[in-house]
file data14.cif (mmCIF, C-alpha atoms, pLDDT in the B column; chains and numbers go by the auth columns)
data_entry
loop_
_atom_site.group_PDB
_atom_site.id
_atom_site.type_symbol
_atom_site.label_atom_id
_atom_site.label_comp_id
_atom_site.label_asym_id
_atom_site.label_seq_id
_atom_site.Cartn_x
_atom_site.Cartn_y
_atom_site.Cartn_z
_atom_site.B_iso_or_equiv
_atom_site.auth_seq_id
_atom_site.auth_asym_id
ATOM 1 C CA MET A 1 -117.394 -36.754 -0.038 45.00 254 A
ATOM 2 C CA SER A 2 -114.772 -34.147 -0.954 50.00 255 A
ATOM 3 C CA GLN A 3 -111.811 -33.131 1.163 50.00 256 A
ATOM 4 C CA VAL A 4 -110.839 -29.547 1.852 62.00 257 A
ATOM 5 C CA ARG A 5 -107.216 -30.451 1.094 77.00 258 A
ATOM 6 C CA ASN A 6 -105.679 -33.239 -0.935 83.00 259 A
ATOM 7 C CA ASP A 7 -102.829 -34.976 0.820 88.00 260 A
ATOM 8 C CA LYS A 8 -99.383 -34.997 -0.687 90.00 261 A
ATOM 9 C CA PRO A 9 -96.521 -37.411 -0.031 92.00 262 A
ATOM 10 C CA PHE A 10 -94.057 -36.696 2.772 95.00 263 A
ATOM 11 C CA THR A 11 -90.810 -36.446 0.845 95.00 264 A
ATOM 12 C CA LEU A 12 -87.279 -35.693 2.035 95.00 265 A
ATOM 13 C CA ALA A 13 -84.134 -35.722 -0.100 92.00 266 A
ATOM 14 C CA GLY A 14 -85.968 -37.453 -2.927 92.00 267 A
ATOM 15 C CA ARG A 15 -87.399 -40.235 -0.762 94.00 268 A
ATOM 16 C CA THR A 16 -91.051 -40.654 0.157 96.00 269 A
ATOM 17 C CA PHE A 17 -92.070 -41.861 3.609 97.00 270 A
ATOM 18 C CA GLN A 18 -95.381 -43.257 4.820 96.00 271 A
ATOM 19 C CA SER A 19 -94.922 -42.334 8.484 97.00 272 A
ATOM 20 C CA ARG A 20 -94.902 -38.671 9.500 98.00 273 A
ATOM 21 C CA LEU A 21 -93.475 -39.468 12.929 98.00 274 A
ATOM 22 C CA LEU A 22 -89.707 -39.257 13.387 98.00 275 A
ATOM 23 C CA VAL A 23 -88.247 -40.546 16.642 96.00 276 A
ATOM 24 C CA GLY A 24 -85.011 -40.319 18.577 93.00 277 A
ATOM 25 C CA THR A 25 -82.980 -43.052 20.229 91.00 278 A
ATOM 26 C CA GLY A 26 -81.802 -41.465 23.479 87.00 279 A
ATOM 27 C CA LYS A 27 -82.884 -41.815 27.126 89.00 280 A
ATOM 28 C CA TYR A 28 -84.234 -45.370 26.963 91.00 281 A
ATOM 29 C CA ARG A 29 -83.400 -47.895 29.668 89.00 282 A
ATOM 30 C CA ASP A 30 -81.582 -50.230 27.318 91.00 283 A
ATOM 31 C CA MET A 31 -81.193 -51.269 23.695 91.00 284 A
ATOM 32 C CA ASP A 32 -84.146 -53.649 23.831 92.00 285 A
ATOM 33 C CA GLU A 33 -86.516 -50.904 24.941 94.00 286 A
ATOM 34 C CA THR A 34 -85.103 -48.623 22.241 94.00 287 A
ATOM 35 C CA ARG A 35 -85.769 -51.250 19.574 94.00 288 A
ATOM 36 C CA ASP A 36 -89.283 -52.065 20.785 95.00 289 A
ATOM 37 C CA ALA A 37 -90.417 -48.456 21.222 96.00 290 A
ATOM 38 C CA ILE A 38 -89.211 -47.442 17.780 96.00 291 A
ATOM 39 C CA ALA A 39 -90.920 -50.451 16.214 96.00 292 A
ATOM 40 C CA ALA A 40 -94.168 -49.589 18.015 97.00 293 A
ATOM 41 C CA SER A 41 -93.998 -45.986 16.779 97.00 294 A
ATOM 42 C CA GLY A 42 -94.128 -47.023 13.144 97.00 295 A
ATOM 43 C CA ALA A 43 -91.419 -44.450 12.392 97.00 296 A
ATOM 44 C CA GLU A 44 -89.272 -44.892 9.312 97.00 297 A
ATOM 45 C CA ILE A 45 -86.768 -42.133 10.132 97.00 298 A
ATOM 46 C CA VAL A 46 -84.756 -42.496 13.332 96.00 299 A
ATOM 47 C CA THR A 47 -82.457 -39.753 14.563 94.00 300 A
ATOM 48 C CA VAL A 48 -79.188 -40.521 16.333 93.00 301 A
ATOM 49 C CA ALA A 49 -76.972 -38.166 18.349 91.00 302 A
ATOM 50 C CA VAL A 50 -73.551 -38.947 16.892 88.00 303 A
ATOM 51 C CA ARG A 51 -71.655 -37.344 19.788 84.00 304 A
ATOM 52 C CA ARG A 52 -73.532 -39.417 22.376 83.00 305 A
ATOM 53 C CA THR A 53 -74.320 -42.694 20.623 83.00 306 A
ATOM 54 C CA ASN A 54 -72.069 -45.371 19.195 80.00 307 A
ATOM 55 C CA ILE A 55 -72.830 -46.064 15.538 81.00 308 A
ATOM 56 C CA GLY A 56 -69.464 -47.628 14.835 77.00 309 A
ATOM 57 C CA GLN A 57 -66.951 -45.029 16.024 80.00 310 A
ATOM 58 C CA ASN A 58 -66.320 -47.069 19.217 81.00 311 A
ATOM 59 C CA PRO A 59 -65.815 -50.674 18.077 82.00 312 A
ATOM 60 C CA ASP A 60 -65.569 -52.062 21.629 79.00 313 A
ATOM 61 C CA GLU A 61 -68.995 -50.729 22.704 81.00 314 A
ATOM 62 C CA PRO A 62 -72.552 -51.838 21.825 83.00 315 A
ATOM 63 C CA ASN A 63 -73.547 -50.431 18.459 83.00 316 A
ATOM 64 C CA LEU A 64 -77.006 -48.883 18.148 86.00 317 A
ATOM 65 C CA LEU A 65 -77.168 -49.987 14.521 87.00 318 A
ATOM 66 C CA ASP A 66 -77.283 -53.598 15.708 86.00 319 A
ATOM 67 C CA VAL A 67 -80.854 -52.995 16.933 86.00 320 A
ATOM 68 C CA ILE A 68 -81.839 -50.099 14.627 88.00 321 A
ATOM 69 C CA SER A 69 -80.764 -51.438 11.275 89.00 322 A
ATOM 70 C CA PRO A 70 -80.062 -48.979 8.416 90.00 323 A
ATOM 71 C CA GLU A 71 -81.650 -51.581 6.157 90.00 324 A
ATOM 72 C CA GLN A 72 -84.961 -51.142 7.992 93.00 325 A
ATOM 73 C CA TYR A 73 -84.810 -47.458 8.989 95.00 326 A
ATOM 74 C CA THR A 74 -83.495 -44.256 7.493 95.00 327 A
ATOM 75 C CA ILE A 75 -80.851 -43.116 9.975 94.00 328 A
ATOM 76 C CA LEU A 76 -80.829 -39.369 10.615 96.00 329 A
ATOM 77 C CA PRO A 77 -77.559 -38.401 12.334 95.00 330 A
ATOM 78 C CA ASN A 78 -77.901 -35.262 14.418 95.00 331 A
ATOM 79 C CA THR A 79 -75.464 -32.806 15.960 96.00 332 A
ATOM 80 C CA ALA A 80 -76.947 -32.710 19.471 93.00 333 A
ATOM 81 C CA GLY A 81 -74.359 -31.486 21.952 93.00 334 A
ATOM 82 C CA CYS A 82 -72.701 -29.084 19.493 96.00 335 A
ATOM 83 C CA TYR A 83 -72.394 -25.437 20.526 97.00 336 A
ATOM 84 C CA ASP A 84 -70.730 -23.892 17.496 97.00 337 A
ATOM 85 C CA ALA A 85 -70.726 -24.301 13.738 97.00 338 A
ATOM 86 C CA SER A 86 -67.347 -25.992 13.482 97.00 339 A
ATOM 87 C CA GLU A 87 -68.338 -28.742 15.948 96.00 340 A
ATOM 88 C CA ALA A 88 -71.573 -29.348 14.069 97.00 341 A
ATOM 89 C CA VAL A 89 -69.887 -29.534 10.671 97.00 342 A
ATOM 90 C CA ARG A 90 -67.233 -31.908 11.982 97.00 343 A
ATOM 91 C CA THR A 91 -69.922 -34.150 13.507 96.00 344 A
ATOM 92 C CA CYS A 92 -71.873 -34.328 10.240 96.00 345 A
ATOM 93 C CA ARG A 93 -68.760 -35.246 8.316 96.00 346 A
ATOM 94 C CA LEU A 94 -67.974 -37.995 10.838 94.00 347 A
ATOM 95 C CA ALA A 95 -71.512 -39.349 10.457 93.00 348 A
ATOM 96 C CA ARG A 96 -71.185 -39.384 6.666 94.00 349 A
ATOM 97 C CA GLU A 97 -67.971 -41.377 6.984 92.00 350 A
ATOM 98 C CA LEU A 98 -69.465 -43.860 9.450 89.00 351 A
ATOM 99 C CA LEU A 99 -72.620 -44.322 7.359 90.00 352 A
ATOM 100 C CA ASP A 100 -70.901 -44.850 4.000 89.00 353 A
ATOM 101 C CA GLY A 101 -71.568 -41.505 2.384 87.00 354 A
ATOM 102 C CA HIS A 102 -74.985 -40.829 3.957 88.00 355 A
ATOM 103 C CA ASN A 103 -75.842 -37.142 3.364 95.00 356 A
ATOM 104 C CA LEU A 104 -79.123 -36.713 5.265 96.00 357 A
ATOM 105 C CA VAL A 105 -78.444 -34.984 8.596 97.00 358 A
ATOM 106 C CA LYS A 106 -80.252 -33.072 11.309 97.00 359 A
ATOM 107 C CA LEU A 107 -78.385 -29.904 12.206 98.00 360 A
ATOM 108 C CA GLU A 108 -78.754 -28.438 15.658 96.00 361 A
ATOM 109 C CA VAL A 109 -76.371 -25.932 17.216 97.00 362 A
ATOM 110 C CA LEU A 110 -77.268 -25.116 20.808 95.00 363 A
ATOM 111 C CA ALA A 111 -76.830 -21.834 22.662 94.00 364 A
ATOM 112 C CA ASP A 112 -76.446 -23.134 26.229 91.00 365 A
ATOM 113 C CA GLN A 113 -77.029 -26.199 28.380 90.00 366 A
ATOM 114 C CA LYS A 114 -79.816 -24.676 30.478 91.00 367 A
ATOM 115 C CA THR A 115 -82.318 -23.953 27.714 91.00 368 A
ATOM 116 C CA LEU A 116 -80.900 -25.984 24.782 90.00 369 A
ATOM 117 C CA PHE A 117 -82.265 -23.146 22.684 92.00 370 A
ATOM 118 C CA PRO A 118 -80.789 -22.954 19.182 94.00 371 A
ATOM 119 C CA ASN A 119 -77.942 -20.558 18.480 96.00 372 A
ATOM 120 C CA VAL A 120 -79.302 -19.273 15.196 96.00 373 A
ATOM 121 C CA ILE A 121 -76.124 -17.408 14.198 97.00 374 A
ATOM 122 C CA GLU A 122 -73.990 -20.548 14.467 97.00 375 A
ATOM 123 C CA THR A 123 -76.791 -22.616 12.941 97.00 376 A
ATOM 124 C CA ILE A 124 -76.838 -20.431 9.829 98.00 377 A
ATOM 125 C CA LYS A 125 -73.038 -20.627 9.549 98.00 378 A
ATOM 126 C CA ALA A 126 -73.097 -24.414 9.781 98.00 379 A
ATOM 127 C CA ALA A 127 -76.019 -24.727 7.363 98.00 380 A
ATOM 128 C CA GLU A 128 -74.196 -22.715 4.699 98.00 381 A
ATOM 129 C CA ILE A 129 -71.111 -24.924 4.964 98.00 382 A
ATOM 130 C CA LEU A 130 -73.028 -28.208 5.021 98.00 383 A
ATOM 131 C CA VAL A 131 -75.271 -27.368 2.069 98.00 384 A
ATOM 132 C CA LYS A 132 -72.220 -26.409 -0.008 97.00 385 A
ATOM 133 C CA ASP A 133 -70.609 -29.674 1.093 97.00 386 A
ATOM 134 C CA GLY A 134 -73.468 -31.705 -0.392 96.00 387 A
ATOM 135 C CA PHE A 135 -75.434 -32.531 2.756 97.00 388 A
ATOM 136 C CA ASP A 136 -79.234 -32.720 2.843 97.00 389 A
ATOM 137 C CA VAL A 137 -79.803 -30.591 5.927 98.00 390 A
ATOM 138 C CA MET A 138 -82.846 -30.748 8.177 98.00 391 A
ATOM 139 C CA VAL A 139 -82.382 -27.940 10.660 98.00 392 A
ATOM 140 C CA TYR A 140 -83.528 -27.381 14.242 97.00 393 A
ATOM 141 C CA THR A 141 -84.277 -23.711 14.734 96.00 394 A
ATOM 142 C CA SER A 142 -86.151 -21.131 16.767 95.00 395 A
ATOM 143 C CA ASP A 143 -89.763 -20.251 16.001 95.00 396 A
ATOM 144 C CA ASP A 144 -88.690 -17.030 14.278 96.00 397 A
ATOM 145 C CA PRO A 145 -90.300 -17.018 10.806 96.00 398 A
ATOM 146 C CA ILE A 146 -87.515 -14.859 9.363 96.00 399 A
ATOM 147 C CA ILE A 147 -84.795 -17.294 10.452 97.00 400 A
ATOM 148 C CA ALA A 148 -86.840 -20.221 9.141 96.00 401 A
ATOM 149 C CA ARG A 149 -87.133 -18.476 5.780 96.00 402 A
ATOM 150 C CA GLN A 150 -83.386 -17.763 5.653 97.00 403 A
ATOM 151 C CA LEU A 151 -82.506 -21.380 6.400 97.00 404 A
ATOM 152 C CA ALA A 152 -84.758 -22.550 3.574 97.00 405 A
ATOM 153 C CA GLU A 153 -83.181 -20.005 1.228 97.00 406 A
ATOM 154 C CA ILE A 154 -79.722 -21.318 2.144 97.00 407 A
ATOM 155 C CA GLY A 155 -80.842 -24.717 0.878 97.00 408 A
ATOM 156 C CA CYS A 156 -81.950 -26.679 3.947 98.00 409 A
ATOM 157 C CA ILE A 157 -84.435 -29.344 2.851 98.00 410 A
ATOM 158 C CA ALA A 158 -86.616 -28.983 5.984 98.00 411 A
ATOM 159 C CA VAL A 159 -86.934 -26.519 8.847 98.00 412 A
ATOM 160 C CA MET A 160 -87.699 -27.828 12.318 97.00 413 A
ATOM 161 C CA PRO A 161 -88.826 -25.078 14.689 97.00 414 A
ATOM 162 C CA LEU A 162 -89.170 -25.886 18.355 95.00 415 A
ATOM 163 C CA ALA A 163 -92.658 -25.971 19.849 93.00 416 A
ATOM 164 C CA GLY A 164 -91.202 -25.857 23.363 91.00 417 A
ATOM 165 C CA LEU A 165 -87.807 -26.371 24.948 91.00 418 A
ATOM 166 C CA ILE A 166 -86.105 -29.710 24.254 90.00 419 A
ATOM 167 C CA GLY A 167 -87.196 -32.343 26.763 90.00 420 A
ATOM 168 C CA SER A 168 -89.632 -29.974 28.501 91.00 421 A
ATOM 169 C CA GLY A 169 -92.846 -31.735 27.503 92.00 422 A
ATOM 170 C CA LEU A 170 -94.613 -28.357 27.615 93.00 423 A
ATOM 171 C CA GLY A 171 -96.470 -28.984 24.378 94.00 424 A
ATOM 172 C CA ILE A 172 -97.130 -26.522 21.564 94.00 425 A
ATOM 173 C CA CYS A 173 -96.262 -23.217 23.231 94.00 426 A
ATOM 174 C CA ASN A 174 -96.128 -21.096 20.067 94.00 427 A
ATOM 175 C CA PRO A 175 -98.944 -22.036 17.657 94.00 428 A
ATOM 176 C CA TYR A 176 -99.159 -18.554 16.132 95.00 429 A
ATOM 177 C CA ASN A 177 -95.468 -18.373 15.252 96.00 430 A
ATOM 178 C CA LEU A 178 -95.681 -21.865 13.796 96.00 431 A
ATOM 179 C CA ARG A 179 -98.656 -20.827 11.670 96.00 432 A
ATOM 180 C CA ILE A 180 -96.671 -17.943 10.181 96.00 433 A
ATOM 181 C CA ILE A 181 -93.742 -20.270 9.403 97.00 434 A
ATOM 182 C CA LEU A 182 -96.140 -22.747 7.797 97.00 435 A
ATOM 183 C CA GLU A 183 -97.837 -20.077 5.685 95.00 436 A
ATOM 184 C CA GLU A 184 -94.493 -18.964 4.245 92.00 437 A
ATOM 185 C CA ALA A 185 -92.830 -22.367 3.986 91.00 438 A
ATOM 186 C CA LYS A 186 -91.244 -23.472 0.720 93.00 439 A
ATOM 187 C CA VAL A 187 -89.830 -26.643 2.347 96.00 440 A
ATOM 188 C CA PRO A 188 -91.341 -29.145 4.798 97.00 441 A
ATOM 189 C CA VAL A 189 -91.871 -27.847 8.341 97.00 442 A
ATOM 190 C CA LEU A 190 -91.546 -30.346 11.194 97.00 443 A
ATOM 191 C CA VAL A 191 -92.143 -29.614 14.858 96.00 444 A
ATOM 192 C CA ASP A 192 -89.035 -30.530 16.812 94.00 445 A
ATOM 193 C CA ALA A 193 -88.939 -30.329 20.629 92.00 446 A
ATOM 194 C CA GLY A 194 -91.594 -29.667 23.251 92.00 447 A
ATOM 195 C CA VAL A 195 -94.029 -32.494 22.546 96.00 448 A
ATOM 196 C CA GLY A 196 -95.031 -34.219 25.791 96.00 449 A
ATOM 197 C CA THR A 197 -98.009 -36.385 24.956 96.00 450 A
ATOM 198 C CA ALA A 198 -100.156 -37.569 22.085 97.00 451 A
ATOM 199 C CA SER A 199 -102.440 -34.531 21.968 97.00 452 A
ATOM 200 C CA ASP A 200 -99.413 -32.264 21.450 97.00 453 A
ATOM 201 C CA ALA A 201 -98.403 -34.235 18.375 97.00 454 A
ATOM 202 C CA THR A 202 -101.955 -34.054 17.058 98.00 455 A
ATOM 203 C CA ILE A 203 -102.061 -30.262 17.485 97.00 456 A
ATOM 204 C CA ALA A 204 -98.783 -29.886 15.582 97.00 457 A
ATOM 205 C CA MET A 205 -100.178 -31.915 12.699 97.00 458 A
ATOM 206 C CA GLU A 206 -103.518 -30.068 12.743 97.00 459 A
ATOM 207 C CA LEU A 207 -101.601 -26.817 12.282 96.00 460 A
ATOM 208 C CA GLY A 208 -100.292 -28.224 8.997 96.00 461 A
ATOM 209 C CA CYS A 209 -96.833 -29.485 9.924 97.00 462 A
ATOM 210 C CA GLU A 210 -95.494 -32.134 7.571 97.00 463 A
ATOM 211 C CA ALA A 211 -94.293 -34.299 10.449 98.00 464 A
ATOM 212 C CA VAL A 212 -93.261 -34.377 14.111 98.00 465 A
ATOM 213 C CA LEU A 213 -89.908 -35.357 15.597 97.00 466 A
ATOM 214 C CA LEU A 214 -89.771 -36.375 19.245 96.00 467 A
ATOM 215 C CA ASN A 215 -87.814 -38.465 21.722 95.00 468 A
ATOM 216 C CA SER A 216 -88.347 -37.607 25.393 95.00 469 A
ATOM 217 C CA ALA A 217 -92.138 -37.891 25.219 96.00 470 A
ATOM 218 C CA ILE A 218 -91.774 -41.595 24.442 97.00 471 A
ATOM 219 C CA ALA A 219 -88.582 -42.453 26.313 95.00 472 A
ATOM 220 C CA HIS A 220 -89.684 -40.729 29.555 96.00 473 A
ATOM 221 C CA ALA A 221 -93.239 -42.104 29.540 96.00 474 A
ATOM 222 C CA GLN A 222 -94.081 -44.636 32.232 96.00 475 A
ATOM 223 C CA ASP A 223 -94.739 -47.118 29.426 97.00 476 A
ATOM 224 C CA PRO A 224 -92.600 -46.084 26.429 97.00 477 A
ATOM 225 C CA ILE A 225 -93.928 -48.821 24.152 97.00 478 A
ATOM 226 C CA LEU A 226 -97.535 -47.803 24.749 98.00 479 A
ATOM 227 C CA MET A 227 -96.703 -44.107 24.314 97.00 480 A
ATOM 228 C CA ALA A 228 -94.942 -44.886 21.045 98.00 481 A
ATOM 229 C CA ARG A 229 -98.138 -46.481 19.766 98.00 482 A
ATOM 230 C CA ALA A 230 -100.131 -43.468 20.985 98.00 483 A
ATOM 231 C CA MET A 231 -97.830 -41.082 19.121 98.00 484 A
ATOM 232 C CA LYS A 232 -98.190 -43.097 15.929 98.00 485 A
ATOM 233 C CA HIS A 233 -101.975 -42.750 16.015 98.00 486 A
ATOM 234 C CA ALA A 234 -101.831 -39.120 17.185 98.00 487 A
ATOM 235 C CA VAL A 235 -99.771 -38.035 14.188 98.00 488 A
ATOM 236 C CA GLU A 236 -102.060 -39.931 11.818 97.00 489 A
ATOM 237 C CA ALA A 237 -105.198 -38.422 13.415 98.00 490 A
ATOM 238 C CA GLY A 238 -103.762 -34.918 13.317 98.00 491 A
ATOM 239 C CA ARG A 239 -102.905 -35.202 9.634 97.00 492 A
ATOM 240 C CA LEU A 240 -106.397 -36.457 8.786 97.00 493 A
ATOM 241 C CA ALA A 241 -107.997 -33.631 10.796 97.00 494 A
ATOM 242 C CA TYR A 242 -105.820 -31.092 8.983 96.00 495 A
ATOM 243 C CA LEU A 243 -106.862 -32.482 5.613 96.00 496 A
ATOM 244 C CA ALA A 244 -110.535 -32.649 6.589 95.00 497 A
ATOM 245 C CA GLY A 245 -110.691 -29.028 7.765 93.00 498 A
ATOM 246 C CA ARG A 246 -112.180 -28.375 11.174 90.00 499 A
ATOM 247 C CA MET A 247 -115.592 -26.784 11.710 91.00 500 A
ATOM 248 C CA PRO A 248 -115.569 -23.060 12.500 91.00 501 A
ATOM 249 C CA LYS A 249 -115.574 -22.024 16.140 90.00 502 A
ATOM 250 C CA LYS A 250 -118.752 -20.251 17.274 89.00 503 A
ATOM 251 C CA LEU A 251 -119.597 -18.286 20.383 91.00 504 A
ATOM 252 C CA TYR A 252 -123.090 -19.735 20.695 90.00 505 A
ATOM 253 C CA ALA A 253 -124.639 -23.163 20.302 87.00 506 A
ATOM 254 C CA THR A 254 -125.977 -24.584 17.051 82.00 507 A
ATOM 255 C CA ALA A 255 -128.382 -27.522 17.100 74.00 508 A
ATOM 256 C CA SER A 256 -126.861 -30.755 15.810 74.00 509 A
ATOM 257 C CA SER A 257 -130.128 -31.950 14.288 68.00 510 A
ATOM 258 C CA PRO A 258 -131.917 -30.059 11.465 66.00 511 A
ATOM 259 C CA LEU A 259 -134.730 -27.753 12.534 61.00 512 A
ATOM 260 C CA ASP A 260 -136.774 -28.135 9.335 65.00 513 A
ATOM 261 C CA GLY A 261 -139.800 -30.382 9.546 62.00 514 A
ATOM 262 C CA LEU A 262 -140.221 -30.234 13.321 63.00 515 A
ATOM 263 C CA ILE A 263 -143.539 -31.583 14.617 62.00 516 A
ATOM 264 C CA GLY A 264 -145.553 -28.694 16.069 57.00 517 A
#

call {"tool": "encode", "arguments": {"input": "data14.cif", "output": "structure tokens"}}
result
Amino acid sequence: MSQVRNDKPFTLAGRTFQSRLLVGTGKYRDMDETRDAIAASGAEIVTVAVRRTNIGQNPDEPNLLDVISPEQYTILPNTAGCYDASEAVRTCRLARELLDGHNLVKLEVLADQKTLFPNVIETIKAAEILVKDGFDVMVYTSDDPIIARQLAEIGCIAVMPLAGLIGSGLGICNPYNLRIILEEAKVPVLVDAGVGTASDATIAMELGCEAVLLNSAIAHAQDPILMARAMKHAVEAGRLAYLAGRMPKKLYATASSPLDGLIG
């Protein structure tokens, strides 16, 4: 039985990953819940807000890396909470120092606290500096296909357009914009922000996204551990559906059973 599409490995910065679900570490009740939810998700890449989370810069406080070991997970430092390029660049350089030369980062430069929408002008400025400085930049951006293309041309290794506002749980609000970005993409495209439940993650993957990054949908669920498991299966199901190729939509019904050979 042939597939419409052959799958290809999910590769970032020269490394191949089995899981296409990336998860954050914020908003959990405690470190134990953080550890257990991330384990249940099956994620291999875990993103950490350097400005909000202790990964060694505060030696007298609990260190997230004690429960999310860099030996087990690929740590993806992010610049959440940064509102201009200089803040974001400084945060990435701090993360590289704390993580012994680690160059893989998630860049996000926000426009304001109400929407947490990306400031694309400052994002482009920061991306140019970080790429020249040797970072492997995964970048949170708007769903504007032109901006996504420019960020890839700068040298970002992945573009991560929002599907909805950060933490909103509204789901995939912009499937048509995402489809345009995906059609033009020369680098992996990951949905970042907006996912609220498992079906949202599946839709993102069915569109052809390489992966999904989320945090609030798991951390704010009534049962984060169970939701983490749901997201794991949702991403896997969405990828398989994308590869299989869905049936065409039709206005009218078509019988499921063959009509040939009916008894008169």

call {"tool": "residues_around", "arguments": {"input": "data14.cif", "residues": "region 444-456 of chain A", "least_positions_apart": "5", "cutoff": "7 Å", "atoms": "only C-alpha atoms", "output": "number ranges by chain"}}
result
A: 393, 413-425, 462, 464-467, 470, 483-484, 487-488, 490-491

call {"tool": "atom_distance", "arguments": {"input": "data14.cif", "atom1": "CA of Leu493 (chain A)", "atom2": "CA of Pro262 (chain A)"}}
result
13.3 Å

call {"tool": "residues_around", "arguments": {"input": "data14.cif", "residues": "Met391 (chain A)", "least_positions_apart": "4", "cutoff": "6 Å", "atoms": "all atoms listed in the file", "output": "PyMOL selection string"}}
result
chain A and resi 359+409-412

call {"tool": "closest_residue", "arguments": {"input": "data14.cif", "among": "A:Glu381, A:Glu463, A:Asp476, A:Asp386", "to": "Leu496 (chain A)", "atoms": "all atoms listed in the file"}}
result
A:Glu463

call {"tool": "atom_distance", "arguments": {"input": "data14.cif", "atom1": "CA of Met458 (chain A)", "atom2": "CA of Val299 (chain A)"}}
result
18.7 Å

call {"tool": "closest_residue", "arguments": {"input": "data14.cif", "among": "A:Leu347, A:Val362, A:Ala497, A:Val442", "to": "Arg273 (chain A)", "atoms": "all atoms listed in the file"}}
result
A:Val442

call {"tool": "closest_residue", "arguments": {"input": "data14.cif", "among": "A:Ala472, A:Leu357, A:Ala508, A:Ile377", "to": "Ile400 (chain A)", "atoms": "only C-alpha atoms"}}
result
A:Ile377

call {"tool": "residues_around", "arguments": {"input": "data14.cif", "residues": "Ile321 (chain A)", "least_positions_apart": "3", "cutoff": "9 Å", "atoms": "all atoms listed in the file", "output": "list in words"}}
result
Thr287, Arg288, Ile291, Val299, Leu317, Leu318, Glu324, Gln325, Tyr326 and Ile328 of chain A

call {"tool": "atom_distance", "arguments": {"input": "data14.cif", "atom1": "CA of Lys485 (chain A)", "atom2": "CA of Pro371 (chain A)"}}
result
26.8 Å

call {"tool": "residues_around", "arguments": {"input": "data14.cif", "residues": "Ala474 (chain A)", "least_positions_apart": "5", "cutoff": "10 Å", "atoms": "all atoms listed in the file", "output": "PyMOL selection string"}}
result
chain A and resi 281+449-450+469+479-481

call {"tool": "write_last_selection", "arguments": {"input": "data14.cif", "atoms": "C-alpha atoms", "output": "short mmCIF file (atom, residue, chain, number, x, y, z; two decimals), keeping the file's coordinate frame"}}
result
data_model
loop_
_atom_site.label_atom_id
_atom_site.label_comp_id
_atom_site.auth_asym_id
_atom_site.auth_seq_id
_atom_site.Cartn_x
_atom_site.Cartn_y
_atom_site.Cartn_z
CA TYR A 281 -84.23 -45.37 26.96
CA GLY A 449 -95.03 -34.22 25.79
CA THR A 450 -98.01 -36.38 24.96
CA SER A 469 -88.35 -37.61 25.39
CA LEU A 479 -97.54 -47.80 24.75
CA MET A 480 -96.70 -44.11 24.31
CA ALA A 481 -94.94 -44.89 21.04
#

call {"tool": "resolve_selection", "arguments": {"input": "data14.cif", "expression": "the PyMOL selection byres ((chain A and resi 399) around 12)", "output": "number ranges by chain"}}
result
A: 373, 394-398, 400-406, 412, 414, 430-431, 433-435, 437-438

call {"tool": "closest_residue", "arguments": {"input": "data14.cif", "among": "A:Glu489, A:Ala457, A:Gln475, A:Val320", "to": "Asp289 (chain A)", "atoms": "all atoms listed in the file"}}
result
A:Val320

call {"tool": "residues_near_point", "arguments": {"input": "data14.cif", "point": "(-70.2, -34.6, 3.6)", "cutoff": "9 Å", "atoms": "all atoms listed in the file", "output": "list in words"}}
result
Val342, Cys345, Arg346, Leu347, Ala348, Arg349, Glu350, Gly354, His355, Asn356, Leu383, Val384, Asp386, Gly387 and Phe388 of chain A

call {"tool": "closest_residue", "arguments": {"input": "data14.cif", "among": "A:Leu274, A:Ala341, A:Ile308, A:Val390", "to": "Gly295 (chain A)", "atoms": "only C-alpha atoms"}}
result
A:Leu274

call {"tool": "residues_near_point", "arguments": {"input": "data14.cif", "point": "(-91.8, -39.7, 2.9)", "cutoff": "12 Å", "atoms": "all atoms listed in the file", "output": "PDB file with C-alpha atoms, in the coordinates of the input"}}
result
ATOM      1  CA  LYS A 261     -99.383 -34.997  -0.687  1.00 90.00           C
ATOM      2  CA  PRO A 262     -96.521 -37.411  -0.031  1.00 92.00           C
ATOM      3  CA  PHE A 263     -94.057 -36.696   2.772  1.00 95.00           C
ATOM      4  CA  THR A 264     -90.810 -36.446   0.845  1.00 95.00           C
ATOM      5  CA  LEU A 265     -87.279 -35.693   2.035  1.00 95.00           C
ATOM      6  CA  ALA A 266     -84.134 -35.722  -0.100  1.00 92.00           C
ATOM      7  CA  GLY A 267     -85.968 -37.453  -2.927  1.00 92.00           C
ATOM      8  CA  ARG A 268     -87.399 -40.235  -0.762  1.00 94.00           C
ATOM      9  CA  THR A 269     -91.051 -40.654   0.157  1.00 96.00           C
ATOM     10  CA  PHE A 270     -92.070 -41.861   3.609  1.00 97.00           C
ATOM     11  CA  GLN A 271     -95.381 -43.257   4.820  1.00 96.00           C
ATOM     12  CA  SER A 272     -94.922 -42.334   8.484  1.00 97.00           C
ATOM     13  CA  ARG A 273     -94.902 -38.671   9.500  1.00 98.00           C
ATOM     14  CA  LEU A 274     -93.475 -39.468  12.929  1.00 98.00           C
ATOM     15  CA  LEU A 275     -89.707 -39.257  13.387  1.00 98.00           C
ATOM     16  CA  ALA A 296     -91.419 -44.450  12.392  1.00 97.00           C
ATOM     17  CA  GLU A 297     -89.272 -44.892   9.312  1.00 97.00           C
ATOM     18  CA  ILE A 298     -86.768 -42.133  10.132  1.00 97.00           C
ATOM     19  CA  THR A 327     -83.495 -44.256   7.493  1.00 95.00           C
ATOM     20  CA  PRO A 441     -91.341 -29.145   4.798  1.00 97.00           C
ATOM     21  CA  GLU A 463     -95.494 -32.134   7.571  1.00 97.00           C
ATOM     22  CA  ALA A 464     -94.293 -34.299  10.449  1.00 98.00           C
TER      23      ALA A 464
END

call {"tool": "residues_around", "arguments": {"input": "data14.cif", "residues": "Glu375 (chain A)", "least_positions_apart": "6", "cutoff": "9 Å", "atoms": "only C-alpha atoms", "output": "mmCIF file with C-alpha atoms, keeping the file's coordinate frame"}}
result
data_model
loop_
_atom_site.group_PDB
_atom_site.id
_atom_site.type_symbol
_atom_site.label_atom_id
_atom_site.label_comp_id
_atom_site.auth_asym_id
_atom_site.auth_seq_id
_atom_site.Cartn_x
_atom_site.Cartn_y
_atom_site.Cartn_z
ATOM 1 C CA TYR A 336 -72.394 -25.437 20.526
ATOM 2 C CA ASP A 337 -70.730 -23.892 17.496
ATOM 3 C CA ALA A 338 -70.726 -24.301 13.738
ATOM 4 C CA SER A 339 -67.347 -25.992 13.482
ATOM 5 C CA VAL A 362 -76.371 -25.932 17.216
ATOM 6 C CA LEU A 363 -77.268 -25.116 20.808
ATOM 7 C CA ALA A 364 -76.830 -21.834 22.662
#
